[in-house]
Structure formats: structure tokens, C-alpha cells
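For reference, target-v4.cif (mmCIF, N, CA and C atoms):
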```
data_model
#
loop_
_atom_site.label_atom_id
_atom_site.label_comp_id
_atom_site.auth_asym_id
_atom_site.auth_seq_id
_atom_site.Cartn_x
_atom_site.Cartn_y
_atom_site.Cartn_z
N MET A 1 69.32 -41.73 143.26
CA MET A 1 70.69 -41.58 143.71
C MET A 1 71.48 -42.88 143.57
N ASN A 2 70.83 -44.01 143.90
CA ASN A 2 71.50 -45.31 143.76
C ASN A 2 71.93 -45.55 142.33
N GLU A 3 71.06 -45.22 141.40
CA GLU A 3 71.37 -45.45 139.99
C GLU A 3 72.55 -44.60 139.53
N ILE A 4 72.60 -43.37 140.00
CA ILE A 4 73.72 -42.49 139.64
C ILE A 4 75.03 -43.04 140.19
N LEU A 5 75.02 -43.48 141.45
CA LEU A 5 76.22 -44.08 142.03
C LEU A 5 76.63 -45.34 141.27
N GLY A 6 75.67 -46.13 140.87
CA GLY A 6 75.97 -47.33 140.10
C GLY A 6 76.66 -47.00 138.78
N TYR A 7 76.16 -46.00 138.08
CA TYR A 7 76.79 -45.59 136.82
C TYR A 7 78.19 -45.01 137.06
N ILE A 8 78.35 -44.27 138.14
CA ILE A 8 79.68 -43.74 138.47
C ILE A 8 80.65 -44.91 138.73
N GLY A 9 80.18 -45.93 139.45
CA GLY A 9 81.02 -47.10 139.71
C GLY A 9 81.42 -47.81 138.43
N LEU A 10 80.46 -47.98 137.53
CA LEU A 10 80.78 -48.63 136.25
C LEU A 10 81.76 -47.79 135.44
N ALA A 11 81.57 -46.48 135.49
CA ALA A 11 82.49 -45.58 134.77
C ALA A 11 83.90 -45.67 135.36
N CYS A 12 83.99 -45.73 136.68
CA CYS A 12 85.31 -45.85 137.34
C CYS A 12 85.98 -47.17 136.95
N MET A 13 85.19 -48.24 136.92
CA MET A 13 85.71 -49.56 136.58
C MET A 13 86.36 -49.53 135.20
N LEU A 14 85.68 -48.95 134.25
CA LEU A 14 86.17 -48.93 132.88
C LEU A 14 87.25 -47.86 132.68
N ALA A 15 86.98 -46.66 133.15
CA ALA A 15 87.88 -45.53 132.88
C ALA A 15 89.21 -45.66 133.62
N LEU A 16 89.20 -45.96 134.89
CA LEU A 16 90.44 -46.03 135.64
C LEU A 16 91.34 -47.16 135.15
N ALA A 17 90.75 -48.29 134.79
CA ALA A 17 91.55 -49.39 134.25
C ALA A 17 92.17 -48.99 132.91
N GLY A 18 91.38 -48.32 132.08
CA GLY A 18 91.90 -47.86 130.79
C GLY A 18 92.97 -46.79 130.93
N ILE A 19 92.77 -45.87 131.85
CA ILE A 19 93.76 -44.83 132.09
C ILE A 19 95.06 -45.45 132.60
N GLY A 20 94.96 -46.40 133.52
CA GLY A 20 96.15 -47.07 134.03
C GLY A 20 96.91 -47.77 132.93
N SER A 21 96.19 -48.45 132.05
CA SER A 21 96.86 -49.15 130.94
C SER A 21 97.54 -48.17 130.00
N SER A 22 96.88 -47.05 129.73
CA SER A 22 97.51 -46.09 128.82
C SER A 22 98.75 -45.47 129.45
N ILE A 23 98.71 -45.21 130.74
CA ILE A 23 99.89 -44.67 131.43
C ILE A 23 101.01 -45.72 131.48
N GLY A 24 100.66 -46.95 131.85
CA GLY A 24 101.66 -48.01 131.96
C GLY A 24 102.32 -48.33 130.63
N THR A 25 101.52 -48.41 129.57
CA THR A 25 102.12 -48.70 128.27
C THR A 25 102.95 -47.52 127.78
N THR A 26 102.59 -46.32 128.15
CA THR A 26 103.38 -45.15 127.77
C THR A 26 104.71 -45.12 128.51
N ILE A 27 104.70 -45.47 129.78
CA ILE A 27 105.95 -45.52 130.55
C ILE A 27 106.91 -46.52 129.90
N ALA A 28 106.41 -47.71 129.63
CA ALA A 28 107.26 -48.73 129.00
C ALA A 28 107.61 -48.34 127.57
N GLY A 29 106.67 -47.75 126.85
CA GLY A 29 106.93 -47.33 125.48
C GLY A 29 107.99 -46.26 125.39
N ASN A 30 107.99 -45.33 126.33
CA ASN A 30 109.04 -44.31 126.35
C ASN A 30 110.41 -44.94 126.57
N ALA A 31 110.47 -45.91 127.46
CA ALA A 31 111.74 -46.62 127.67
C ALA A 31 112.15 -47.37 126.41
N ALA A 32 111.18 -47.94 125.72
CA ALA A 32 111.48 -48.68 124.49
C ALA A 32 112.02 -47.75 123.40
N GLU A 33 111.46 -46.56 123.30
CA GLU A 33 111.95 -45.59 122.31
C GLU A 33 113.41 -45.24 122.57
N GLY A 34 113.74 -45.02 123.83
CA GLY A 34 115.13 -44.73 124.18
C GLY A 34 116.03 -45.93 123.94
N ALA A 35 115.52 -47.12 124.24
CA ALA A 35 116.31 -48.33 124.06
C ALA A 35 116.57 -48.63 122.59
N LEU A 36 115.64 -48.26 121.73
CA LEU A 36 115.83 -48.49 120.30
C LEU A 36 117.04 -47.74 119.77
N LYS A 37 117.33 -46.61 120.36
CA LYS A 37 118.50 -45.83 119.93
C LYS A 37 119.79 -46.52 120.36
N LYS A 38 119.72 -47.25 121.45
CA LYS A 38 120.90 -47.90 122.01
C LYS A 38 121.13 -49.28 121.40
N ASN A 39 120.05 -50.05 121.24
CA ASN A 39 120.16 -51.43 120.76
C ASN A 39 118.91 -51.79 119.96
N PRO A 40 118.84 -51.38 118.69
CA PRO A 40 117.63 -51.60 117.89
C PRO A 40 117.33 -53.06 117.56
N GLU A 41 118.30 -53.94 117.69
CA GLU A 41 118.09 -55.35 117.36
C GLU A 41 117.11 -56.04 118.32
N LYS A 42 116.91 -55.48 119.46
CA LYS A 42 116.05 -56.09 120.49
C LYS A 42 114.64 -55.51 120.49
N SER A 43 114.22 -54.93 119.38
CA SER A 43 112.92 -54.23 119.33
C SER A 43 111.74 -55.13 119.67
N SER A 44 111.81 -56.40 119.31
CA SER A 44 110.68 -57.30 119.63
C SER A 44 110.55 -57.49 121.14
N SER A 45 111.66 -57.57 121.84
CA SER A 45 111.62 -57.68 123.31
C SER A 45 111.03 -56.42 123.92
N TYR A 46 111.40 -55.27 123.38
CA TYR A 46 110.86 -54.01 123.89
C TYR A 46 109.36 -53.95 123.69
N MET A 47 108.92 -54.40 122.52
CA MET A 47 107.50 -54.33 122.19
C MET A 47 106.68 -55.24 123.11
N ILE A 48 107.18 -56.44 123.36
CA ILE A 48 106.47 -57.37 124.24
C ILE A 48 106.30 -56.78 125.63
N LEU A 49 107.39 -56.24 126.17
CA LEU A 49 107.32 -55.66 127.52
C LEU A 49 106.49 -54.39 127.55
N SER A 50 106.50 -53.62 126.48
CA SER A 50 105.69 -52.40 126.43
C SER A 50 104.20 -52.69 126.42
N ALA A 51 103.82 -53.82 125.87
CA ALA A 51 102.40 -54.16 125.75
C ALA A 51 101.81 -54.77 127.02
N MET A 52 102.65 -55.23 127.92
CA MET A 52 102.13 -55.93 129.10
C MET A 52 101.14 -55.12 129.94
N PRO A 53 101.37 -53.83 130.20
CA PRO A 53 100.40 -53.10 131.03
C PRO A 53 99.04 -52.87 130.37
N ALA A 54 98.89 -53.21 129.12
CA ALA A 54 97.60 -53.02 128.44
C ALA A 54 96.53 -53.97 128.96
N THR A 55 96.93 -55.04 129.61
CA THR A 55 95.95 -56.04 130.03
C THR A 55 95.01 -55.54 131.12
N GLN A 56 95.46 -54.62 131.95
CA GLN A 56 94.59 -54.14 133.02
C GLN A 56 93.36 -53.42 132.46
N GLY A 57 93.53 -52.73 131.37
CA GLY A 57 92.38 -52.11 130.71
C GLY A 57 91.38 -53.16 130.26
N LEU A 58 91.89 -54.29 129.81
CA LEU A 58 91.00 -55.39 129.41
C LEU A 58 90.25 -55.96 130.61
N TYR A 59 90.93 -56.06 131.75
CA TYR A 59 90.26 -56.57 132.95
C TYR A 59 89.12 -55.64 133.37
N GLY A 60 89.37 -54.34 133.32
CA GLY A 60 88.32 -53.38 133.63
C GLY A 60 87.15 -53.48 132.67
N PHE A 61 87.45 -53.69 131.41
CA PHE A 61 86.41 -53.82 130.39
C PHE A 61 85.60 -55.09 130.60
N VAL A 62 86.26 -56.20 130.91
CA VAL A 62 85.54 -57.46 131.16
C VAL A 62 84.64 -57.32 132.38
N ALA A 63 85.16 -56.72 133.45
CA ALA A 63 84.34 -56.53 134.65
C ALA A 63 83.14 -55.63 134.33
N PHE A 64 83.37 -54.59 133.55
CA PHE A 64 82.30 -53.68 133.14
C PHE A 64 81.21 -54.45 132.38
N LEU A 65 81.61 -55.28 131.43
CA LEU A 65 80.63 -56.04 130.65
C LEU A 65 79.88 -57.05 131.52
N MET A 66 80.57 -57.68 132.45
CA MET A 66 79.94 -58.71 133.27
C MET A 66 78.95 -58.13 134.29
N TRP A 67 79.23 -56.93 134.76
CA TRP A 67 78.35 -56.34 135.76
C TRP A 67 77.09 -55.77 135.14
N GLY A 68 77.19 -55.19 133.97
CA GLY A 68 76.00 -54.66 133.31
C GLY A 68 75.35 -53.53 134.06
N THR A 69 74.17 -53.15 133.63
CA THR A 69 73.49 -51.98 134.21
C THR A 69 72.20 -52.35 134.93
N GLU A 70 71.99 -53.62 135.18
CA GLU A 70 70.77 -54.03 135.87
C GLU A 70 70.97 -53.93 137.38
N GLY A 71 70.03 -53.33 138.06
CA GLY A 71 70.09 -53.22 139.51
C GLY A 71 71.22 -52.36 140.02
N LEU A 72 71.43 -51.23 139.37
CA LEU A 72 72.53 -50.34 139.76
C LEU A 72 72.36 -49.85 141.19
N GLY A 73 73.47 -49.69 141.88
CA GLY A 73 73.38 -49.21 143.24
C GLY A 73 74.75 -49.07 143.89
N TYR A 74 74.73 -49.07 145.20
CA TYR A 74 75.96 -48.87 145.96
C TYR A 74 77.00 -49.95 145.67
N MET A 75 76.54 -51.17 145.46
CA MET A 75 77.49 -52.26 145.20
C MET A 75 78.23 -52.03 143.88
N HIS A 76 77.53 -51.56 142.86
CA HIS A 76 78.19 -51.23 141.59
C HIS A 76 79.24 -50.15 141.81
N PHE A 77 78.89 -49.18 142.64
CA PHE A 77 79.85 -48.10 142.91
C PHE A 77 81.08 -48.64 143.62
N ALA A 78 80.88 -49.42 144.66
CA ALA A 78 82.01 -49.91 145.45
C ALA A 78 82.89 -50.85 144.63
N VAL A 79 82.29 -51.79 143.94
CA VAL A 79 83.06 -52.74 143.15
C VAL A 79 83.75 -52.03 141.99
N GLY A 80 83.03 -51.13 141.34
CA GLY A 80 83.62 -50.40 140.21
C GLY A 80 84.80 -49.56 140.63
N LEU A 81 84.68 -48.87 141.74
CA LEU A 81 85.78 -48.05 142.23
C LEU A 81 86.97 -48.93 142.62
N ALA A 82 86.70 -50.03 143.30
CA ALA A 82 87.78 -50.93 143.73
C ALA A 82 88.53 -51.52 142.53
N VAL A 83 87.80 -52.06 141.56
CA VAL A 83 88.44 -52.64 140.38
C VAL A 83 89.22 -51.58 139.62
N GLY A 84 88.61 -50.41 139.46
CA GLY A 84 89.27 -49.34 138.71
C GLY A 84 90.58 -48.89 139.36
N VAL A 85 90.56 -48.69 140.66
CA VAL A 85 91.77 -48.22 141.36
C VAL A 85 92.86 -49.29 141.35
N VAL A 86 92.49 -50.55 141.59
CA VAL A 86 93.49 -51.62 141.59
C VAL A 86 94.12 -51.74 140.20
N CYS A 87 93.30 -51.71 139.15
CA CYS A 87 93.84 -51.82 137.79
C CYS A 87 94.69 -50.60 137.43
N LEU A 88 94.29 -49.43 137.88
CA LEU A 88 95.06 -48.21 137.62
C LEU A 88 96.47 -48.34 138.18
N TYR A 89 96.58 -48.63 139.46
CA TYR A 89 97.89 -48.72 140.09
C TYR A 89 98.69 -49.91 139.57
N SER A 90 98.02 -51.01 139.34
CA SER A 90 98.71 -52.20 138.83
C SER A 90 99.36 -51.92 137.48
N ALA A 91 98.64 -51.27 136.59
CA ALA A 91 99.17 -50.99 135.25
C ALA A 91 100.34 -50.00 135.31
N ILE A 92 100.22 -48.99 136.15
CA ILE A 92 101.31 -48.01 136.26
C ILE A 92 102.57 -48.68 136.81
N ARG A 93 102.42 -49.44 137.85
CA ARG A 93 103.59 -50.09 138.45
C ARG A 93 104.17 -51.15 137.51
N GLN A 94 103.31 -51.84 136.79
CA GLN A 94 103.79 -52.83 135.84
C GLN A 94 104.56 -52.13 134.71
N GLY A 95 104.08 -50.98 134.28
CA GLY A 95 104.80 -50.22 133.26
C GLY A 95 106.18 -49.82 133.72
N GLN A 96 106.32 -49.48 135.00
CA GLN A 96 107.62 -49.11 135.54
C GLN A 96 108.56 -50.31 135.59
N VAL A 97 108.04 -51.46 135.98
CA VAL A 97 108.87 -52.68 135.98
C VAL A 97 109.32 -53.00 134.56
N CYS A 98 108.41 -52.93 133.62
CA CYS A 98 108.75 -53.22 132.22
C CYS A 98 109.76 -52.23 131.67
N ALA A 99 109.63 -50.96 132.04
CA ALA A 99 110.58 -49.94 131.58
C ALA A 99 111.99 -50.25 132.08
N ASN A 100 112.10 -50.70 133.32
CA ASN A 100 113.42 -51.07 133.85
C ASN A 100 113.97 -52.29 133.11
N GLY A 101 113.12 -53.24 132.80
CA GLY A 101 113.56 -54.40 132.04
C GLY A 101 114.02 -54.02 130.64
N ILE A 102 113.31 -53.11 130.02
CA ILE A 102 113.69 -52.64 128.68
C ILE A 102 115.06 -51.99 128.72
N GLN A 103 115.30 -51.18 129.74
CA GLN A 103 116.62 -50.56 129.88
C GLN A 103 117.71 -51.62 130.05
N GLY A 104 117.42 -52.65 130.84
CA GLY A 104 118.40 -53.71 131.04
C GLY A 104 118.70 -54.46 129.76
N ILE A 105 117.68 -54.74 128.98
CA ILE A 105 117.87 -55.43 127.70
C ILE A 105 118.70 -54.57 126.76
N ALA A 106 118.42 -53.28 126.73
CA ALA A 106 119.17 -52.36 125.86
C ALA A 106 120.64 -52.30 126.25
N GLN A 107 120.93 -52.52 127.53
CA GLN A 107 122.31 -52.50 127.99
C GLN A 107 123.02 -53.83 127.77
N GLY A 108 122.31 -54.79 127.17
CA GLY A 108 122.94 -56.06 126.84
C GLY A 108 122.69 -57.19 127.81
N HIS A 109 121.85 -56.98 128.81
CA HIS A 109 121.57 -58.02 129.78
C HIS A 109 120.40 -58.89 129.30
N ASP A 110 120.43 -60.15 129.62
CA ASP A 110 119.38 -61.08 129.23
C ASP A 110 118.34 -61.14 130.36
N VAL A 111 117.45 -60.15 130.41
CA VAL A 111 116.52 -60.04 131.52
C VAL A 111 115.05 -60.07 131.10
N GLN A 112 114.77 -60.42 129.86
CA GLN A 112 113.38 -60.39 129.40
C GLN A 112 112.49 -61.35 130.20
N THR A 113 112.92 -62.58 130.36
CA THR A 113 112.11 -63.56 131.09
C THR A 113 111.90 -63.13 132.53
N ASN A 114 112.97 -62.71 133.19
CA ASN A 114 112.84 -62.25 134.58
C ASN A 114 111.93 -61.03 134.68
N THR A 115 112.05 -60.12 133.73
CA THR A 115 111.20 -58.94 133.75
C THR A 115 109.73 -59.32 133.59
N MET A 116 109.45 -60.27 132.72
CA MET A 116 108.06 -60.71 132.54
C MET A 116 107.51 -61.34 133.82
N ILE A 117 108.36 -62.07 134.54
CA ILE A 117 107.93 -62.66 135.81
C ILE A 117 107.67 -61.56 136.84
N TYR A 118 108.59 -60.61 136.95
CA TYR A 118 108.39 -59.50 137.89
C TYR A 118 107.17 -58.67 137.52
N ALA A 119 106.95 -58.47 136.23
CA ALA A 119 105.81 -57.68 135.77
C ALA A 119 104.48 -58.40 136.01
N ALA A 120 104.53 -59.72 136.09
CA ALA A 120 103.30 -60.48 136.35
C ALA A 120 102.82 -60.30 137.80
N LEU A 121 103.72 -59.91 138.69
CA LEU A 121 103.34 -59.78 140.10
C LEU A 121 102.33 -58.65 140.33
N PRO A 122 102.56 -57.42 139.82
CA PRO A 122 101.51 -56.41 140.02
C PRO A 122 100.24 -56.74 139.23
N GLU A 123 100.37 -57.44 138.12
CA GLU A 123 99.19 -57.81 137.34
C GLU A 123 98.32 -58.79 138.11
N PHE A 124 98.92 -59.59 138.94
CA PHE A 124 98.18 -60.56 139.74
C PHE A 124 97.08 -59.88 140.55
N TYR A 125 97.36 -58.68 141.05
CA TYR A 125 96.36 -57.98 141.86
C TYR A 125 95.20 -57.47 141.01
N ALA A 126 95.48 -57.11 139.78
CA ALA A 126 94.40 -56.72 138.87
C ALA A 126 93.53 -57.94 138.56
N ILE A 127 94.16 -59.09 138.40
CA ILE A 127 93.39 -60.32 138.16
C ILE A 127 92.54 -60.65 139.38
N LEU A 128 93.11 -60.50 140.57
CA LEU A 128 92.33 -60.74 141.79
C LEU A 128 91.13 -59.79 141.88
N ALA A 129 91.32 -58.54 141.52
CA ALA A 129 90.21 -57.59 141.54
C ALA A 129 89.12 -58.01 140.56
N LEU A 130 89.53 -58.44 139.38
CA LEU A 130 88.54 -58.91 138.39
C LEU A 130 87.79 -60.13 138.91
N VAL A 131 88.52 -61.09 139.43
CA VAL A 131 87.89 -62.31 139.94
C VAL A 131 86.95 -61.99 141.09
N ALA A 132 87.38 -61.12 141.99
CA ALA A 132 86.52 -60.72 143.11
C ALA A 132 85.25 -60.05 142.60
N ALA A 133 85.39 -59.19 141.61
CA ALA A 133 84.22 -58.52 141.04
C ALA A 133 83.26 -59.51 140.42
N LEU A 134 83.78 -60.54 139.79
CA LEU A 134 82.92 -61.53 139.15
C LEU A 134 82.28 -62.49 140.15
N MET A 135 82.92 -62.63 141.32
CA MET A 135 82.37 -63.55 142.34
C MET A 135 81.29 -62.91 143.19
N ILE A 136 81.24 -61.60 143.20
CA ILE A 136 80.26 -60.91 144.06
C ILE A 136 78.88 -61.05 143.46
#
```
Take the structure in the file and give it back as C-alpha cells.
Amino acid sequence: MNEILGYIGLACMLALAGIGSSIGTTIAGNAAEGALKKNPEKSSSYMILSAMPATQGLYGFVAFLMWGTEGLGYMHFAVGLAVGVVCLYSAIRQGQVCANGIQGIAQGHDVQTNTMIYAALPEFYAILALVAALMI
């Protein structure tokens, strides 16, 4: 039973972080598609902001690789679930912040730098989850 829970935890760590990144990048990407119709000259800014939520999937993957499959048990389950859920929500919320920034840029406002700073705030919690997982 411990081994099964450990594998479930590792799966949550990887899958939830990846799902969050795909949702977050899609949210920002949808905003970028709409913004391209309004102001296509700013496409590089849209692309940068659209890619930001992808990092949470990388954090989940790094944690997955670092934990490995040796000594699977309750701790793998707990850490995997925690990292996965934090990365999931962080990526979704970061995608929403980036989507708002993309809309602002399309409307002619110079908000790329501020948006990147605001988008770094939810990412900070994904980084904390990764660091905590590596310190345990």
C-alpha cells in the first residue's frame, strides 16, 4: 500500500504541475490570439507573457526527478500532492495575470514589465513548493 501511495504522489507531482502549466499557458495564449487581432506589432510581448506559466510544469518535473522511486511511501504521497496542487494553482493564476497584461499591451499601455513582476508573485509559491520538496 505504501508503494502505491508513493507512486500516486509522484504522479500527482508531475501531472498536476503539467496540467496547471498547460491551462495557464492556454489562458494567456487565448488572450494573445485576441490581442494579435488588435495590435499585431506587439506579438513578442504576448509570446513572452504567454510562456511564463509553463515554468510550473518544469518545477513539478524537477521535483519528480529529484525524489525518484526509492523508498516510496506516505511522504512521497504527501509531498507529491502538495507540490502538484501548488504548481497547478500557481500556473492557472499566473496565466490569468499574464492574460490581463496581454490585454493591456494590446490596448497600447506599456505594462509588460509590471505584468512580469505581478506574474512572478504566484510563481514564487511554486518555487517554494519545489524548494520545500527538495529540502525534505
**Request:** Name every residue that the PyMOL selection byres ((chain A and resi 16) around 7) selects in this structure, writing the answer as a list of chain:residue names with chains first and numbers rising.
**Result:** A:Ala11, A:Cys12, A:Met13, A:Leu14, A:Ala15, A:Ala17, A:Gly18, A:Ile19, A:Gly20, A:Ser21, A:Gly57, A:Val83, A:Gly84, A:Val85, A:Cys87, A:Leu88, A:Tyr89
**Complete:** Shortest contact to A:Ala133, candidates A:Thr26, A:Ser44, A:Val79, A:Leu58, atoms counted only C-alpha atoms, goes to A:Val79
**Message:** Between atom N of A:Asn100 and atom C of A:Phe124, what is the distance in Å, rounded to a tenth?
**Reply:**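 Result for atom N of A:Asn100 versus atom C of A:Phe124: 19.0 Å, one decimal.
Atom CA of A:Gly24 sits 16.1 Å away from atom CA of A:Ile127.
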Could you pull out all residues of stretch 70-118 of chain A with a DSSP call of helix (DSSP H, G or I) and give them as a PDB file with N, CA and C atoms, in the frame of the given file?
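That gives us part.pdb:
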```pdb
ATOM      1  N   TYR A  74      74.730 -49.070 145.200  1.00  0.00           N
ATOM      2  CA  TYR A  74      75.960 -48.870 145.960  1.00  0.00           C
ATOM      3  C   TYR A  74      77.000 -49.950 145.670  1.00  0.00           C
ATOM      4  N   MET A  75      76.540 -51.170 145.460  1.00  0.00           N
ATOM      5  CA  MET A  75      77.490 -52.260 145.200  1.00  0.00           C
ATOM      6  C   MET A  75      78.230 -52.030 143.880  1.00  0.00           C
ATOM      7  N   HIS A  76      77.530 -51.560 142.860  1.00  0.00           N
ATOM      8  CA  HIS A  76      78.190 -51.230 141.590  1.00  0.00           C
ATOM      9  C   HIS A  76      79.240 -50.150 141.810  1.00  0.00           C
ATOM     10  N   PHE A  77      78.890 -49.180 142.640  1.00  0.00           N
ATOM     11  CA  PHE A  77      79.850 -48.100 142.910  1.00  0.00           C
ATOM     12  C   PHE A  77      81.080 -48.640 143.620  1.00  0.00           C
ATOM     13  N   ALA A  78      80.880 -49.420 144.660  1.00  0.00           N
ATOM     14  CA  ALA A  78      82.010 -49.910 145.450  1.00  0.00           C
ATOM     15  C   ALA A  78      82.890 -50.850 144.630  1.00  0.00           C
ATOM     16  N   VAL A  79      82.290 -51.790 143.940  1.00  0.00           N
ATOM     17  CA  VAL A  79      83.060 -52.740 143.150  1.00  0.00           C
ATOM     18  C   VAL A  79      83.750 -52.030 141.990  1.00  0.00           C
ATOM     19  N   GLY A  80      83.030 -51.130 141.340  1.00  0.00           N
ATOM     20  CA  GLY A  80      83.620 -50.400 140.210  1.00  0.00           C
ATOM     21  C   GLY A  80      84.800 -49.560 140.630  1.00  0.00           C
ATOM     22  N   LEU A  81      84.680 -48.870 141.740  1.00  0.00           N
ATOM     23  CA  LEU A  81      85.780 -48.050 142.230  1.00  0.00           C
ATOM     24  C   LEU A  81      86.970 -48.930 142.620  1.00  0.00           C
ATOM     25  N   ALA A  82      86.700 -50.030 143.300  1.00  0.00           N
ATOM     26  CA  ALA A  82      87.780 -50.930 143.730  1.00  0.00           C
ATOM     27  C   ALA A  82      88.530 -51.520 142.530  1.00  0.00           C
ATOM     28  N   VAL A  83      87.800 -52.060 141.560  1.00  0.00           N
ATOM     29  CA  VAL A  83      88.440 -52.640 140.380  1.00  0.00           C
ATOM     30  C   VAL A  83      89.220 -51.580 139.620  1.00  0.00           C
ATOM     31  N   GLY A  84      88.610 -50.410 139.460  1.00  0.00           N
ATOM     32  CA  GLY A  84      89.270 -49.340 138.710  1.00  0.00           C
ATOM     33  C   GLY A  84      90.580 -48.890 139.360  1.00  0.00           C
ATOM     34  N   VAL A  85      90.560 -48.690 140.660  1.00  0.00           N
ATOM     35  CA  VAL A  85      91.770 -48.220 141.360  1.00  0.00           C
ATOM     36  C   VAL A  85      92.860 -49.290 141.350  1.00  0.00           C
ATOM     37  N   VAL A  86      92.490 -50.550 141.590  1.00  0.00           N
ATOM     38  CA  VAL A  86      93.490 -51.620 141.590  1.00  0.00           C
ATOM     39  C   VAL A  86      94.120 -51.740 140.200  1.00  0.00           C
ATOM     40  N   CYS A  87      93.300 -51.710 139.150  1.00  0.00           N
ATOM     41  CA  CYS A  87      93.840 -51.820 137.790  1.00  0.00           C
ATOM     42  C   CYS A  87      94.690 -50.600 137.430  1.00  0.00           C
ATOM     43  N   LEU A  88      94.290 -49.430 137.880  1.00  0.00           N
ATOM     44  CA  LEU A  88      95.060 -48.210 137.620  1.00  0.00           C
ATOM     45  C   LEU A  88      96.470 -48.340 138.180  1.00  0.00           C
ATOM     46  N   TYR A  89      96.580 -48.630 139.460  1.00  0.00           N
ATOM     47  CA  TYR A  89      97.890 -48.720 140.090  1.00  0.00           C
ATOM     48  C   TYR A  89      98.690 -49.910 139.570  1.00  0.00           C
ATOM     49  N   SER A  90      98.020 -51.010 139.340  1.00  0.00           N
ATOM     50  CA  SER A  90      98.710 -52.200 138.830  1.00  0.00           C
ATOM     51  C   SER A  90      99.360 -51.920 137.480  1.00  0.00           C
ATOM     52  N   ALA A  91      98.640 -51.270 136.590  1.00  0.00           N
ATOM     53  CA  ALA A  91      99.170 -50.990 135.250  1.00  0.00           C
ATOM     54  C   ALA A  91     100.340 -50.000 135.310  1.00  0.00           C
ATOM     55  N   ILE A  92     100.220 -48.990 136.150  1.00  0.00           N
ATOM     56  CA  ILE A  92     101.310 -48.010 136.260  1.00  0.00           C
ATOM     57  C   ILE A  92     102.570 -48.680 136.810  1.00  0.00           C
ATOM     58  N   ARG A  93     102.420 -49.440 137.850  1.00  0.00           N
ATOM     59  CA  ARG A  93     103.590 -50.090 138.450  1.00  0.00           C
ATOM     60  C   ARG A  93     104.170 -51.150 137.510  1.00  0.00           C
ATOM     61  N   GLN A  94     103.310 -51.840 136.790  1.00  0.00           N
ATOM     62  CA  GLN A  94     103.790 -52.830 135.840  1.00  0.00           C
ATOM     63  C   GLN A  94     104.560 -52.130 134.710  1.00  0.00           C
ATOM     64  N   GLY A  95     104.080 -50.980 134.280  1.00  0.00           N
ATOM     65  CA  GLY A  95     104.800 -50.220 133.260  1.00  0.00           C
ATOM     66  C   GLY A  95     106.180 -49.820 133.720  1.00  0.00           C
ATOM     67  N   GLN A  96     106.320 -49.480 135.000  1.00  0.00           N
ATOM     68  CA  GLN A  96     107.620 -49.110 135.540  1.00  0.00           C
ATOM     69  C   GLN A  96     108.560 -50.310 135.590  1.00  0.00           C
ATOM     70  N   VAL A  97     108.040 -51.460 135.980  1.00  0.00           N
ATOM     71  CA  VAL A  97     108.870 -52.680 135.980  1.00  0.00           C
ATOM     72  C   VAL A  97     109.320 -53.000 134.560  1.00  0.00           C
ATOM     73  N   CYS A  98     108.410 -52.930 133.620  1.00  0.00           N
ATOM     74  CA  CYS A  98     108.750 -53.220 132.220  1.00  0.00           C
ATOM     75  C   CYS A  98     109.760 -52.230 131.670  1.00  0.00           C
ATOM     76  N   ALA A  99     109.630 -50.960 132.040  1.00  0.00           N
ATOM     77  CA  ALA A  99     110.580 -49.940 131.580  1.00  0.00           C
ATOM     78  C   ALA A  99     111.990 -50.250 132.080  1.00  0.00           C
ATOM     79  N   ASN A 100     112.100 -50.700 133.320  1.00  0.00           N
ATOM     80  CA  ASN A 100     113.420 -51.070 133.850  1.00  0.00           C
ATOM     81  C   ASN A 100     113.970 -52.290 133.110  1.00  0.00           C
ATOM     82  N   GLY A 101     113.120 -53.240 132.800  1.00  0.00           N
ATOM     83  CA  GLY A 101     113.560 -54.400 132.040  1.00  0.00           C
ATOM     84  C   GLY A 101     114.020 -54.020 130.640  1.00  0.00           C
ATOM     85  N   ILE A 102     113.310 -53.110 130.020  1.00  0.00           N
ATOM     86  CA  ILE A 102     113.690 -52.640 128.680  1.00  0.00           C
ATOM     87  C   ILE A 102     115.060 -51.990 128.720  1.00  0.00           C
ATOM     88  N   GLN A 103     115.300 -51.180 129.740  1.00  0.00           N
ATOM     89  CA  GLN A 103     116.620 -50.560 129.880  1.00  0.00           C
ATOM     90  C   GLN A 103     117.710 -51.620 130.050  1.00  0.00           C
ATOM     91  N   GLY A 104     117.420 -52.650 130.840  1.00  0.00           N
ATOM     92  CA  GLY A 104     118.400 -53.710 131.040  1.00  0.00           C
ATOM     93  C   GLY A 104     118.700 -54.460 129.760  1.00  0.00           C
ATOM     94  N   ILE A 105     117.680 -54.740 128.980  1.00  0.00           N
ATOM     95  CA  ILE A 105     117.870 -55.430 127.700  1.00  0.00           C
ATOM     96  C   ILE A 105     118.700 -54.570 126.760  1.00  0.00           C
ATOM     97  N   ALA A 106     118.420 -53.280 126.730  1.00  0.00           N
ATOM     98  CA  ALA A 106     119.170 -52.360 125.860  1.00  0.00           C
ATOM     99  C   ALA A 106     120.640 -52.300 126.250  1.00  0.00           C
ATOM    100  N   GLN A 112     114.770 -60.420 129.860  1.00  0.00           N
ATOM    101  CA  GLN A 112     113.380 -60.390 129.400  1.00  0.00           C
ATOM    102  C   GLN A 112     112.490 -61.350 130.200  1.00  0.00           C
ATOM    103  N   THR A 113     112.920 -62.580 130.360  1.00  0.00           N
ATOM    104  CA  THR A 113     112.110 -63.560 131.090  1.00  0.00           C
ATOM    105  C   THR A 113     111.900 -63.130 132.530  1.00  0.00           C
ATOM    106  N   ASN A 114     112.970 -62.710 133.190  1.00  0.00           N
ATOM    107  CA  ASN A 114     112.840 -62.250 134.580  1.00  0.00           C
ATOM    108  C   ASN A 114     111.930 -61.030 134.680  1.00  0.00           C
ATOM    109  N   THR A 115     112.050 -60.120 133.730  1.00  0.00           N
ATOM    110  CA  THR A 115     111.200 -58.940 133.750  1.00  0.00           C
ATOM    111  C   THR A 115     109.730 -59.320 133.590  1.00  0.00           C
ATOM    112  N   MET A 116     109.450 -60.270 132.720  1.00  0.00           N
ATOM    113  CA  MET A 116     108.060 -60.710 132.540  1.00  0.00           C
ATOM    114  C   MET A 116     107.510 -61.340 133.820  1.00  0.00           C
ATOM    115  N   ILE A 117     108.360 -62.070 134.540  1.00  0.00           N
ATOM    116  CA  ILE A 117     107.930 -62.660 135.810  1.00  0.00           C
ATOM    117  C   ILE A 117     107.670 -61.560 136.840  1.00  0.00           C
ATOM    118  N   TYR A 118     108.590 -60.610 136.950  1.00  0.00           N
ATOM    119  CA  TYR A 118     108.390 -59.500 137.890  1.00  0.00           C
ATOM    120  C   TYR A 118     107.170 -58.670 137.520  1.00  0.00           C
TER     121      TYR A 118
END
```
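Look at A:Ser90: the protein and nucleic acid residues within 7 Å of it, using all atoms listed in the file and passing over chain neighbours fewer than 6 places away, are Gly20, Pro53, Gln56, Pro122, Glu123, Tyr125 and Ala126 of chain A.
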